[in-house]
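K.L.:
Input upload03.txt, format and content: compact mmCIF, C-alpha atoms and all ligand atoms.
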```
# COMPACT_ATOMS: atom_id res chain seq x y z
CA MET J 182 -119.12 93.17 -224.37
CA ILE J 183 -116.02 95.31 -224.60
CA GLY J 184 -115.00 96.68 -221.20
CA GLU J 185 -113.83 100.25 -220.60
CA LEU J 186 -110.20 99.18 -220.48
CA GLU J 187 -110.41 97.35 -223.79
CA ASN J 188 -112.21 100.32 -225.27
CA GLU J 189 -109.36 102.59 -224.23
CA LYS J 190 -106.80 100.19 -225.70
CA ILE J 191 -108.66 100.10 -229.00
CA TRP J 192 -108.63 103.90 -229.15
CA GLU J 193 -104.93 104.00 -228.38
CA LEU J 194 -104.36 101.57 -231.23
CA VAL J 195 -106.51 103.64 -233.60
CA ILE J 196 -104.53 106.78 -232.71
CA GLU J 197 -101.24 104.95 -233.17
CA ILE J 198 -102.29 103.66 -236.59
CA HIS J 199 -103.38 107.16 -237.54
CA ILE J 200 -100.04 108.68 -236.51
CA PHE J 201 -98.16 105.92 -238.33
CA ALA J 202 -100.22 106.52 -241.49
CA GLN J 203 -99.44 110.23 -241.30
CA ILE J 204 -95.73 109.51 -241.15
CA LEU J 205 -96.05 107.34 -244.24
CA ILE J 206 -97.85 109.92 -246.36
CA MET J 207 -95.44 112.19 -248.12
CA LYS J 208 -96.40 115.83 -247.67
CA ILE J 209 -95.68 118.41 -250.34
CA LYS J 210 -94.14 121.38 -248.55
CA THR J 211 -92.67 123.19 -251.53
CA ALA J 212 -92.83 122.77 -255.29
CA GLU J 213 -90.99 125.17 -257.58
CA PHE J 214 -90.10 125.45 -261.23
CA VAL J 215 -86.32 125.24 -261.74
CA ILE J 216 -85.36 125.23 -265.42
CA SER J 217 -86.40 124.25 -268.96
CA ASN J 218 -83.97 122.77 -271.47
CA THR J 219 -83.60 120.68 -274.57
CA ASP J 220 -80.28 119.42 -273.24
CA TYR J 221 -80.53 117.61 -269.92
CA LYS J 222 -76.84 118.34 -269.22
CA LEU J 223 -77.79 121.97 -268.73
CA GLY J 224 -80.31 120.96 -266.06
CA PRO J 225 -79.73 120.30 -262.34
CA THR J 226 -76.45 118.61 -261.46
CA ASP J 227 -76.99 118.17 -257.70
CA GLY J 228 -77.77 114.46 -258.06
CA LYS J 229 -81.14 114.68 -256.31
CA PRO J 230 -83.51 111.91 -257.47
CA GLU J 231 -85.47 112.67 -260.63
CA TYR J 232 -88.87 111.25 -261.62
CA ALA J 233 -89.84 111.66 -265.26
CA PHE J 234 -93.42 112.07 -266.45
CA ILE J 235 -94.17 111.26 -270.07
CA GLY J 236 -97.13 110.40 -272.29
CA ARG J 237 -99.07 111.32 -275.39
CA SER J 238 -100.05 114.95 -275.79
CA ASN J 239 -103.27 115.68 -273.92
CA VAL J 240 -103.01 112.58 -271.71
CA GLY J 241 -103.34 114.79 -268.62
CA LYS J 242 -99.66 115.10 -267.68
CA SER J 243 -99.70 118.74 -266.60
CA SER J 244 -102.91 118.22 -264.65
CA LEU J 245 -101.39 115.22 -262.87
CA ILE J 246 -98.22 117.12 -261.94
CA ASN J 247 -100.35 119.97 -260.57
CA MET J 248 -102.55 117.51 -258.69
CA LEU J 249 -99.59 115.67 -257.14
CA THR J 250 -98.01 118.91 -255.95
CA ASN J 251 -101.27 120.60 -254.87
CA HIS J 252 -100.63 123.43 -257.30
CA LYS J 253 -102.99 124.94 -259.83
CA LYS J 254 -100.42 126.09 -262.34
CA LEU J 255 -97.04 124.51 -261.65
CA ALA J 256 -97.06 122.64 -264.95
CA LYS J 257 -98.79 124.41 -267.81
CA THR J 258 -101.90 122.60 -268.95
CA SER J 259 -101.68 122.67 -272.70
CA GLY J 260 -104.43 124.33 -274.66
CA LYS J 261 -102.46 123.36 -277.77
CA PRO J 262 -101.26 119.76 -277.66
CA GLY J 263 -97.59 119.27 -278.43
CA LYS J 264 -96.75 122.84 -277.48
CA THR J 265 -94.42 122.21 -274.56
CA GLN J 266 -91.31 120.81 -276.21
CA LEU J 267 -88.83 121.13 -273.37
CA ILE J 268 -87.50 119.12 -270.44
CA ASN J 269 -88.95 120.95 -267.43
CA HIS J 270 -87.50 120.43 -263.95
CA PHE J 271 -89.49 121.14 -260.78
CA ILE J 272 -87.93 120.75 -257.34
CA ILE J 273 -90.15 119.24 -254.66
CA ASN J 274 -89.51 119.73 -250.92
CA ASP J 275 -85.98 120.68 -251.94
CA GLU J 276 -85.36 116.92 -252.11
CA TRP J 277 -86.39 115.50 -255.46
CA TYR J 278 -87.35 116.53 -258.98
CA ILE J 279 -90.41 116.09 -261.11
CA VAL J 280 -89.25 116.11 -264.72
CA ASP J 281 -91.99 117.04 -267.13
CA LEU J 282 -91.06 115.66 -270.55
CA PRO J 283 -92.67 116.76 -273.82
CA GLY J 284 -95.69 114.78 -274.95
CA TYR J 285 -95.19 112.35 -277.78
CA GLY J 286 -97.41 111.27 -280.64
CA TYR J 287 -98.70 114.69 -281.62
CA ALA J 288 -100.02 114.03 -285.12
CA LYS J 289 -99.28 117.53 -286.42
CA ALA J 290 -95.64 117.61 -285.30
CA SER J 291 -93.26 117.79 -288.26
CA LYS J 292 -90.77 115.02 -288.94
CA ARG J 293 -87.96 117.35 -287.96
CA SER J 294 -89.45 118.24 -284.57
CA ARG J 295 -90.18 114.56 -283.95
CA ALA J 296 -86.56 113.65 -284.66
CA GLN J 297 -85.41 116.41 -282.32
CA TRP J 298 -87.82 115.18 -279.66
CA GLU J 299 -86.42 111.70 -279.93
CA LYS J 300 -82.83 112.80 -279.73
CA PHE J 301 -83.00 114.87 -276.55
CA ILE J 302 -85.53 112.72 -274.75
CA VAL J 303 -83.65 109.51 -275.53
CA GLU J 304 -80.46 111.19 -274.35
CA TYR J 305 -82.08 112.27 -271.09
CA LEU J 306 -83.75 108.92 -270.39
CA THR J 307 -80.74 106.79 -271.18
CA GLN J 308 -77.95 108.99 -269.81
CA CYS J 309 -79.24 110.97 -266.82
CA LYS J 310 -77.75 109.27 -263.77
CA SER J 311 -80.24 110.86 -261.32
CA LEU J 312 -83.30 109.49 -263.12
CA VAL J 313 -84.96 107.01 -260.75
CA THR J 314 -88.03 105.97 -262.70
CA ILE J 315 -90.35 107.00 -265.51
CA PHE J 316 -94.09 107.44 -265.07
CA VAL J 317 -95.70 106.56 -268.38
CA LEU J 318 -99.12 108.20 -268.51
CA LEU J 319 -101.96 106.38 -270.26
CA ASP J 320 -105.43 107.76 -270.89
CA SER J 321 -107.66 105.28 -269.07
CA ARG J 322 -110.50 105.90 -271.56
CA LEU J 323 -108.54 104.56 -274.49
CA GLU J 324 -107.74 101.08 -275.70
CA PRO J 325 -104.02 100.23 -275.64
CA GLN J 326 -102.29 102.62 -278.03
CA LYS J 327 -99.49 101.42 -280.29
CA ILE J 328 -97.25 104.37 -279.51
CA ASP J 329 -97.56 103.83 -275.72
CA LEU J 330 -96.87 100.12 -276.01
CA GLU J 331 -93.86 100.81 -278.23
CA PHE J 332 -92.52 103.36 -275.77
CA MET J 333 -92.93 101.01 -272.78
CA ASN J 334 -91.29 98.17 -274.71
CA TRP J 335 -88.43 100.46 -275.56
CA CYS J 336 -88.03 101.36 -271.82
CA GLY J 337 -87.99 97.65 -271.00
CA GLU J 338 -85.39 96.89 -273.66
CA LYS J 339 -83.17 99.67 -272.34
CA GLY J 340 -83.62 98.46 -268.77
CA LEU J 341 -85.27 101.74 -267.72
CA PRO J 342 -87.62 101.29 -264.76
CA PHE J 343 -91.11 102.63 -265.39
CA SER J 344 -94.66 102.59 -264.01
CA MET J 345 -97.97 102.70 -265.85
CA VAL J 346 -100.12 105.61 -264.70
CA PHE J 347 -103.73 105.60 -265.87
CA THR J 348 -105.15 109.13 -266.01
CA LYS J 349 -108.67 110.63 -266.02
CA MET J 350 -110.23 107.67 -264.22
CA ASP J 351 -113.16 109.89 -263.18
CA LYS J 352 -114.23 109.99 -266.81
CA LEU J 353 -115.32 106.37 -267.07
CA SER J 354 -117.12 103.70 -265.10
CA SER J 355 -115.15 101.27 -262.99
CA THR J 356 -116.24 98.42 -265.29
CA GLN J 357 -114.90 100.24 -268.32
CA LEU J 358 -111.72 101.10 -266.43
CA GLN J 359 -111.16 97.47 -265.47
CA LYS J 360 -111.79 96.42 -269.08
CA ASN J 361 -109.26 98.88 -270.50
CA MET J 362 -106.69 97.98 -267.87
CA ALA J 363 -107.15 94.28 -268.60
CA LYS J 364 -106.48 94.98 -272.28
CA TYR J 365 -103.25 96.80 -271.40
CA ARG J 366 -102.28 93.96 -269.11
CA LYS J 367 -102.85 91.44 -271.88
CA GLU J 368 -100.80 93.44 -274.38
CA MET J 369 -97.93 93.98 -271.92
CA LEU J 370 -97.81 90.33 -270.91
CA LYS J 371 -97.23 89.40 -274.57
CA TYR J 372 -93.76 90.85 -274.19
CA TRP J 373 -92.98 90.84 -270.47
CA ALA J 374 -93.16 88.27 -267.70
CA GLU J 375 -94.73 90.70 -265.24
CA LEU J 376 -96.31 94.11 -265.17
CA PRO J 377 -94.54 97.20 -263.87
CA PRO J 378 -96.19 99.09 -260.96
CA VAL J 379 -99.61 100.43 -261.98
CA PHE J 380 -101.28 103.61 -260.66
CA ILE J 381 -104.82 104.77 -261.29
CA THR J 382 -105.32 108.52 -261.05
CA SER J 383 -107.74 111.40 -261.44
CA SER J 384 -106.58 114.99 -261.34
CA GLU J 385 -110.19 116.00 -260.72
CA SER J 386 -110.75 113.92 -257.59
CA LYS J 387 -107.06 113.60 -256.59
CA PHE J 388 -107.45 109.83 -256.65
CA GLY J 389 -104.04 108.17 -256.67
CA GLN J 390 -102.16 111.15 -255.22
CA GLU J 391 -101.25 109.46 -251.96
CA LYS J 392 -100.18 106.19 -253.60
CA MET J 393 -97.92 107.89 -256.12
CA LEU J 394 -96.33 110.23 -253.56
CA ASN J 395 -95.70 107.39 -251.15
CA TYR J 396 -94.16 105.32 -253.92
CA ILE J 397 -91.79 108.20 -254.70
CA GLY J 398 -91.10 108.68 -250.97
CA ASP J 399 -90.20 105.01 -250.60
CA LEU J 400 -87.83 105.16 -253.56
CA ASN J 401 -86.23 108.32 -252.16
CA ASP J 402 -85.73 106.58 -248.79
CA ALA J 403 -84.23 103.54 -250.49
CA ILE J 404 -81.77 105.78 -252.38
CA LEU J 405 -80.76 107.58 -249.14
CA LEU J 406 -80.12 104.24 -247.42
CA LYS J 407 -77.79 103.02 -250.21
P1 LIG M 501 -101.16 117.29 -271.17
O1 LIG M 501 -101.17 117.81 -272.58
O2 LIG M 501 -100.81 115.84 -271.13
O3 LIG M 501 -100.33 118.12 -270.22
O4 LIG M 501 -102.68 117.32 -270.67
P2 LIG M 501 -103.45 118.38 -269.74
O5 LIG M 501 -103.08 118.21 -268.32
O6 LIG M 501 -103.30 119.74 -270.36
O7 LIG M 501 -104.93 117.83 -269.88
C1 LIG M 501 -105.59 117.72 -271.13
C2 LIG M 501 -107.09 117.89 -270.90
O8 LIG M 501 -107.58 116.82 -270.12
C3 LIG M 501 -107.46 119.17 -270.15
O9 LIG M 501 -108.67 119.66 -270.69
C4 LIG M 501 -107.67 118.70 -268.72
O10 LIG M 501 -108.57 119.51 -267.99
C5 LIG M 501 -108.22 117.30 -268.92
N1 LIG M 501 -107.85 116.41 -267.80
C6 LIG M 501 -106.61 116.11 -267.40
N2 LIG M 501 -106.62 115.25 -266.37
C7 LIG M 501 -107.92 115.00 -266.09
C8 LIG M 501 -108.60 114.16 -265.11
O11 LIG M 501 -108.00 113.46 -264.28
N3 LIG M 501 -109.95 114.17 -265.16
C9 LIG M 501 -110.66 114.90 -266.08
N4 LIG M 501 -111.98 114.82 -266.05
N5 LIG M 501 -110.07 115.69 -266.99
C10 LIG M 501 -108.72 115.74 -267.01
```
Kindly transcribe the structure held in the file into structure tokens.
Ligand code: GDP
P.N.:
Amino acid sequence: MIGELENEKIWELVIEIHIFAQILIMKIKTAEFVISNTDYKLGPTDGKPEYAFIGRSNVGKSSLINMLTNHKKLAKTSGKPGKTQLINHFIINDEWYIVDLPGYGYAKASKRSRAQWEKFIVEYLTQCKSLVTIFVLLDSRLEPQKIDLEFMNWCGEKGLPFSMVFTKMDKLSSTQLQKNMAKYRKEMLKYWAELPPVFITSSESKFGQEKMLNYIGDLNDAILLK
């Protein structure tokens, strides 16, 4: 039987763990739109860490950005896929940036707009010194898509750090989710020795919010300590 003293100690421990966990969870205090551009050089120059979000049109990018920042309308959810064709910067807690990049793979985009997309996105991803990592969004309901695999391979070839972020996990069963993730894993391991970090998210249930924010918080801390 646990004595009163032990009981008290256990509670102290529980409280301590709770406080520790609270310190670890990044809180969103402020989130504001800063600027939209097609030329990243016209964007922020303060050197604060930048985290890029990219994926196919309609993958759930705007919803994820809104979910992560606890905002309803920070990023515009697109009624028309492929509509937002700009590099959008949002400043979070006055410390770091979310960079919302235009969606790729919109079937109806003209060749010219695709070429433009490539030019300014490639420039941003390969030249922006403040870019810490890229979150590549993948619709968890779909089988591995050629365009996503090509984009991730390109990131790897260029030595650009990225994570795989599965979206809309609330829309399928956990068995189906595991199956689709396993297929991605298999495809990725054809080209790479190990997988990048993987996040599973739902903008509906907020699943994955804490993990992604803490990951960003850890990277921010590591940059500050450098
Ligand atoms: P974007 O084009 O990548 O910015 O995609 P949006 O954020 O505009 O989302 C496209 C559609 O998917 C919208 O109808 C969203 O409501 C829906 N959606 C996005 N994320 C989720 C999610 O996590 N769960 C569910 N059920 N629907 C989502």
K.L.:
Show me, as CSV, the residues of chain J having an atom within 9 Å of ligand LIG 501 (chain M), each with the closest atom pair and its distance in Å, using all atoms listed in the file.
P.N.:
```
residue,atom,partner,partner_atom,distance
J:Ile235,CA,M:LIG501,O2,8.1
J:Gly236,CA,M:LIG501,O2,6.7
J:Arg237,CA,M:LIG501,O2,6.5
J:Ser238,CA,M:LIG501,O1,4.4
J:Asn239,CA,M:LIG501,O1,3.3
J:Val240,CA,M:LIG501,O2,4.0
J:Gly241,CA,M:LIG501,O4,3.3
J:Lys242,CA,M:LIG501,O2,3.7
J:Ser243,CA,M:LIG501,O3,3.7
J:Ser244,CA,M:LIG501,O5,3.7
J:Leu245,CA,M:LIG501,N2,6.3
J:Ile246,CA,M:LIG501,O5,8.1
J:Asn247,CA,M:LIG501,O5,8.4
J:Met248,CA,M:LIG501,O11,8.8
J:Ala256,CA,M:LIG501,O3,7.7
J:Lys257,CA,M:LIG501,O3,6.9
J:Thr258,CA,M:LIG501,O6,3.5
J:Ser259,CA,M:LIG501,O6,4.1
J:Gly260,CA,M:LIG501,O6,6.4
J:Lys261,CA,M:LIG501,O1,7.7
J:Pro262,CA,M:LIG501,O1,5.4
J:Gly263,CA,M:LIG501,O1,7.0
J:Lys264,CA,M:LIG501,O1,8.3
J:Thr265,CA,M:LIG501,O1,8.3
J:Asp281,CA,M:LIG501,O3,9.0
J:Pro283,CA,M:LIG501,O3,8.6
J:Gly284,CA,M:LIG501,O2,6.5
J:Leu318,CA,M:LIG501,O2,8.3
J:Asp320,CA,M:LIG501,N2,8.8
J:Thr348,CA,M:LIG501,O11,5.5
J:Lys349,CA,M:LIG501,O11,3.4
J:Met350,CA,M:LIG501,O11,6.2
J:Asp351,CA,M:LIG501,N3,5.7
J:Lys352,CA,M:LIG501,N4,5.4
J:Thr382,CA,M:LIG501,O11,6.5
J:Ser383,CA,M:LIG501,O11,3.5
J:Ser384,CA,M:LIG501,O11,3.6
J:Glu385,CA,M:LIG501,N3,4.8
J:Ser386,CA,M:LIG501,O11,7.2
J:Lys387,CA,M:LIG501,O11,7.7
J:Phe388,CA,M:LIG501,O11,8.5
```
K.L.:
Restricting it to C-alpha atoms, dump the selection as an mmCIF file, in the frame of the given file.
P.N.:
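To be explicit, this is the file written out as again-v1.cif:
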```cif
data_model
loop_
_atom_site.group_PDB
_atom_site.id
_atom_site.type_symbol
_atom_site.label_atom_id
_atom_site.label_comp_id
_atom_site.auth_asym_id
_atom_site.auth_seq_id
_atom_site.Cartn_x
_atom_site.Cartn_y
_atom_site.Cartn_z
ATOM 1 C CA ILE J 235 -94.170 111.260 -270.070
ATOM 2 C CA GLY J 236 -97.130 110.400 -272.290
ATOM 3 C CA ARG J 237 -99.070 111.320 -275.390
ATOM 4 C CA SER J 238 -100.050 114.950 -275.790
ATOM 5 C CA ASN J 239 -103.270 115.680 -273.920
ATOM 6 C CA VAL J 240 -103.010 112.580 -271.710
ATOM 7 C CA GLY J 241 -103.340 114.790 -268.620
ATOM 8 C CA LYS J 242 -99.660 115.100 -267.680
ATOM 9 C CA SER J 243 -99.700 118.740 -266.600
ATOM 10 C CA SER J 244 -102.910 118.220 -264.650
ATOM 11 C CA LEU J 245 -101.390 115.220 -262.870
ATOM 12 C CA ILE J 246 -98.220 117.120 -261.940
ATOM 13 C CA ASN J 247 -100.350 119.970 -260.570
ATOM 14 C CA MET J 248 -102.550 117.510 -258.690
ATOM 15 C CA ALA J 256 -97.060 122.640 -264.950
ATOM 16 C CA LYS J 257 -98.790 124.410 -267.810
ATOM 17 C CA THR J 258 -101.900 122.600 -268.950
ATOM 18 C CA SER J 259 -101.680 122.670 -272.700
ATOM 19 C CA GLY J 260 -104.430 124.330 -274.660
ATOM 20 C CA LYS J 261 -102.460 123.360 -277.770
ATOM 21 C CA PRO J 262 -101.260 119.760 -277.660
ATOM 22 C CA GLY J 263 -97.590 119.270 -278.430
ATOM 23 C CA LYS J 264 -96.750 122.840 -277.480
ATOM 24 C CA THR J 265 -94.420 122.210 -274.560
ATOM 25 C CA ASP J 281 -91.990 117.040 -267.130
ATOM 26 C CA PRO J 283 -92.670 116.760 -273.820
ATOM 27 C CA GLY J 284 -95.690 114.780 -274.950
ATOM 28 C CA LEU J 318 -99.120 108.200 -268.510
ATOM 29 C CA ASP J 320 -105.430 107.760 -270.890
ATOM 30 C CA THR J 348 -105.150 109.130 -266.010
ATOM 31 C CA LYS J 349 -108.670 110.630 -266.020
ATOM 32 C CA MET J 350 -110.230 107.670 -264.220
ATOM 33 C CA ASP J 351 -113.160 109.890 -263.180
ATOM 34 C CA LYS J 352 -114.230 109.990 -266.810
ATOM 35 C CA THR J 382 -105.320 108.520 -261.050
ATOM 36 C CA SER J 383 -107.740 111.400 -261.440
ATOM 37 C CA SER J 384 -106.580 114.990 -261.340
ATOM 38 C CA GLU J 385 -110.190 116.000 -260.720
ATOM 39 C CA SER J 386 -110.750 113.920 -257.590
ATOM 40 C CA LYS J 387 -107.060 113.600 -256.590
ATOM 41 C CA PHE J 388 -107.450 109.830 -256.650
#
```
K.L.:
To one decimal place, how far is CA of Thr314 (chain J) from CA of Asp329 (chain J) in Å?
P.N.:
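Going from CA of Thr314 (chain J) over to CA of Asp329 (chain J) covers 16.3 Å.
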K.L.:
Between CA of Met393 (chain J) and CA of Gly224 (chain J), what distance in Å does the model show, to one decimal?
P.N.:
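Separation between CA of Met393 (chain J) and CA of Gly224 (chain J): 24.1 Å.
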K.L.:
Could you name the residues that touch Ser217 (chain J) at 6 Å or less, counting only C-alpha atoms, but leaving out those on the same chain fewer than 4 positions away, as a PyMOL selection string?
P.N.:
chain J and resi 267-269
K.L.:
Enter the distance from CA of Val346 (chain J) to CA of Gln359 (chain J), in Å, rounded to one decimal.
P.N.:
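Going from CA of Val346 (chain J) over to CA of Gln359 (chain J), I get 13.7 Å.
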K.L.:
Using all atoms listed in the file, find the one residue out of J:Trp335, J:Tyr232, J:Tyr365, J:Phe214 that sits nearest to Trp277 (chain J).
P.N.:
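Distance minimum relative to Trp277 (chain J) lands on J:Tyr232.
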K.L.:
When you look at Leu341 (chain J) with a cut-off of 12 Å (counting all atoms listed in the file), what residues show up, excluding the ones that are within fewer than 4 positions of it in the same chain? I need them as a PyMOL selection string.
P.N.:
chain J and resi 232-233+303+305-310+312-317+332-337+377
K.L.:
So which residues touch Phe301 (chain J) within 8 Å, counting only C-alpha atoms, skipping near sequence neighbours fewer than 4 positions away, as JSON, numbers by chain?
P.N.:
{"J": [219, 220, 221, 297, 305]}
K.L.:
For the selection you just gave me, I'd like the residues written to a file as a short mmCIF file (atom, residue, chain, number, x, y, z; two decimals), keeping the file's coordinate frame, keeping C-alpha atoms.
P.N.:
```
data_model
loop_
_atom_site.label_atom_id
_atom_site.label_comp_id
_atom_site.auth_asym_id
_atom_site.auth_seq_id
_atom_site.Cartn_x
_atom_site.Cartn_y
_atom_site.Cartn_z
CA THR J 219 -83.60 120.68 -274.57
CA ASP J 220 -80.28 119.42 -273.24
CA TYR J 221 -80.53 117.61 -269.92
CA GLN J 297 -85.41 116.41 -282.32
CA TYR J 305 -82.08 112.27 -271.09
#
```
K.L.:
Measuring between only C-alpha atoms, which one of J:Leu376, J:Leu358, J:Leu394, J:Met345 shows the shortest distance to Arg322 (chain J)?
P.N.:
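Among the listed residues, J:Leu358 lies closest to Arg322 (chain J).
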K.L.:
Using only C-alpha atoms, what residues lie at most 6 Å away from (-92.7, 108.4, -246.5) (file coordinates), given as an mmCIF file with C-alpha atoms, keeping the file's coordinate frame?
P.N.:
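The resulting result-v1.cif:
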```cif
data_model
loop_
_atom_site.group_PDB
_atom_site.id
_atom_site.type_symbol
_atom_site.label_atom_id
_atom_site.label_comp_id
_atom_site.auth_asym_id
_atom_site.auth_seq_id
_atom_site.Cartn_x
_atom_site.Cartn_y
_atom_site.Cartn_z
ATOM 1 C CA LEU J 205 -96.050 107.340 -244.240
ATOM 2 C CA ILE J 206 -97.850 109.920 -246.360
ATOM 3 C CA MET J 207 -95.440 112.190 -248.120
ATOM 4 C CA ASN J 395 -95.700 107.390 -251.150
ATOM 5 C CA GLY J 398 -91.100 108.680 -250.970
ATOM 6 C CA ASP J 399 -90.200 105.010 -250.600
#
```
K.L.:
Determine the nearest neighbour of Lys371 (chain J) from the options J:Lys210, J:Glu193, J:Gly340, J:Leu330, counting all atoms listed in the file.
P.N.:
J:Leu330
K.L.:
Taking all atoms of region 334-339 of chain J that appear in the file, build a box with edges along x, y and z, extend it by 5 Å on every side, and state its centre and edge lengths in Å to one decimal, as lines of an AutoDock Vina configuration file.
P.N.:
```
center_x = -87.2
center_y = 99.1
center_z = -273.3
size_x = 18.1
size_y = 14.5
size_z = 14.6
```
